[in-house]
Amino acid sequence: MRKVQDYYFKKAKKDQYPARSVYKLEEVQAKYRFMRRGDSVLDLGCFPGSWSLFAAEVVGPKGVVVGVDLQQAIESPRPGSAPIHWLCQDIMEPELVPLVRRIRPAFKVLISDLAPKTTGNRWADSQHSIDLVRRTLALAEILLLDRGHYICKVFQGEDFPAFVDEVKQRFAMVKVLKPRSSRVESREVFVLAMEYRRPETVAASAAPDQNGMDGMNESD
Ligand SMILES: C[S@@+](CC[C@H](N)C(=O)[O-])C[C@H]1O[C@@H](n2cnc3c(N)ncnc32)[C@H](O)[C@@H]1O
């Protein structure tokens, strides 16, 4: 176990990423390719900046990355990467949406590696964690483009199955993933959801067609 941790820690140093967490995102991206050249990416809980740096490399100079955290990130994107806008903000605050929209009105991908500060009170910590995760899903509904993608870190607790069900109602494809670089003893997993379906899109596809039928053959 220790050996695996050391491996990713040292690798991050060598690859000049400020945190080892980058390899969790890299692994999911390698398999599912949910970020593409030219995409816009919103990164919630971005500090110290590894996920944003990696996303900026993937989407390239025609893309854009907005990173939000309680702490101010300062990393510069690498040559050939997308520009990164760092916002020092609490994602729970309502002013976040207008601030983000000033940079970009909507995003193709929302990524979140948010982790709450723990207090040692198991119930309170778990509640805080699920509040953050639910807020990322609410922000996805406000800020994702139709058919956009979403990935968020979740610490599994009793609310986890209900949360996954909520995500399934909004996206065409949902996977729960545990990347190799995630510590085995950690309760963290990643929920990857692809192809966001705006409620109006779902409603439109389920709506009766012009002659009042629901797509089934008329019968007497
Ligand atoms: C595990 S770190 C993210 C690491 C980052 N993905 C990287 O690769 O560099 C989790 C971050 O979530 C941030 N965070 C926790 N609660 C937050 C909140 N309410 N608003 C914004 N950021 C928050 C913390 O400040 C912390 O920097």
# chains A, B, ... in the order shown; residues from 1 in each chain; ligands from 1
call {"tool": "residues_near_ligand", "arguments": {"ligand": "ligand 1", "cutoff": "9 Å", "atoms": "only C-alpha atoms and all ligand atoms", "output": "count of residues only"}}
result
42
call {"tool": "residues_around", "arguments": {"residues": "A:Ser81", "least_positions_apart": "6", "cutoff": "9 Å", "atoms": "only C-alpha atoms", "output": "list in words"}}
result
Leu53, Phe54, Ala55, Ala56, Glu57, Val58, Val59, Gly60, Pro61, Lys62, Gly63 and Val64 of chain A
call {"tool": "residues_around", "arguments": {"residues": "stretch 163-175 of chain A", "least_positions_apart": "2", "cutoff": "8 Å", "atoms": "only C-alpha atoms", "output": "PyMOL selection string"}}
result
chain A and resi 134+137+159-161+177+191-199
call {"tool": "select_by_dssp", "arguments": {"residues": "chain A", "states": "strand (DSSP E)", "output": "JSON, numbers by chain"}}
result
{"A": [40, 41, 42, 43, 44, 64, 65, 66, 67, 68, 69, 84, 85, 86, 87, 88, 107, 108, 109, 110, 111, 112, 144, 145, 146, 147, 148, 149, 150, 151, 152, 153, 154, 155, 171, 172, 173, 174, 175, 176, 177, 188, 189, 190, 191, 192, 193, 194, 195, 196]}
call {"tool": "select_by_dssp", "arguments": {"residues": "stretch 1-138 of chain A", "states": "alpha helix (DSSP H)", "output": "MDAnalysis selection string"}}
result
chainID A and resid 2:14 22:32 50:59 96:103 122:138
call {"tool": "closest_residue", "arguments": {"among": "A:Arg78, A:Val97, A:Glu185, A:Glu26", "to": "A:Ala12", "atoms": "only C-alpha atoms"}}
result
A:Glu26
call {"tool": "residues_around", "arguments": {"residues": "A:Phe155", "least_positions_apart": "5", "cutoff": "10 Å", "atoms": "only C-alpha atoms", "output": "JSON list (two decimals) with N, CA and C atoms, in the first residue's frame"}}
result
[["chain", "number", "residue", "atom", "x", "y", "z"],
["A", 115, "ALA", "N", -13.39, 18.05, -1.29],
["A", 115, "ALA", "CA", -13.32, 17.28, -0.05],
["A", 115, "ALA", "C", -13.54, 18.26, 1.09],
["A", 126, "SER", "N", -20.06, 13.45, 7.47],
["A", 126, "SER", "CA", -20.72, 12.76, 6.37],
["A", 126, "SER", "C", -21.83, 13.64, 5.78],
["A", 129, "SER", "N", -20.23, 16.36, 3.67],
["A", 129, "SER", "CA", -19.74, 15.78, 2.43],
["A", 129, "SER", "C", -20.88, 15.60, 1.41],
["A", 130, "ILE", "N", -22.02, 15.08, 1.88],
["A", 130, "ILE", "CA", -23.13, 14.85, 0.94],
["A", 130, "ILE", "C", -23.74, 16.18, 0.51],
["A", 133, "VAL", "N", -21.56, 17.36, -2.33],
["A", 133, "VAL", "CA", -21.78, 16.56, -3.54],
["A", 133, "VAL", "C", -23.10, 16.93, -4.21],
["A", 160, "PHE", "N", -25.32, 7.41, -0.27],
["A", 160, "PHE", "CA", -24.69, 7.22, -1.57],
["A", 160, "PHE", "C", -25.62, 6.59, -2.62],
["A", 186, "SER", "N", -9.58, 4.26, 1.53],
["A", 186, "SER", "CA", -10.45, 5.43, 1.50],
["A", 186, "SER", "C", -11.84, 5.04, 1.00],
["A", 187, "ARG", "N", -12.87, 5.71, 1.58],
["A", 187, "ARG", "CA", -14.25, 5.44, 1.14],
["A", 187, "ARG", "C", -14.57, 6.20, -0.14],
["A", 188, "GLU", "N", -13.57, 6.92, -0.69],
["A", 188, "GLU", "CA", -13.87, 7.73, -1.88],
["A", 188, "GLU", "C", -14.05, 6.85, -3.11],
["A", 189, "VAL", "N", -15.04, 7.25, -3.91],
["A", 189, "VAL", "CA", -15.22, 6.68, -5.25],
["A", 189, "VAL", "C", -15.55, 7.86, -6.16],
["A", 190, "PHE", "N", -15.58, 7.62, -7.45],
["A", 190, "PHE", "CA", -15.90, 8.68, -8.41],
["A", 190, "PHE", "C", -17.13, 8.27, -9.19]]
call {"tool": "closest_residue", "arguments": {"among": "A:Leu87, A:Glu27, A:Ser40, A:Lys13", "to": "A:Ser181", "atoms": "only C-alpha atoms"}}
result
A:Glu27
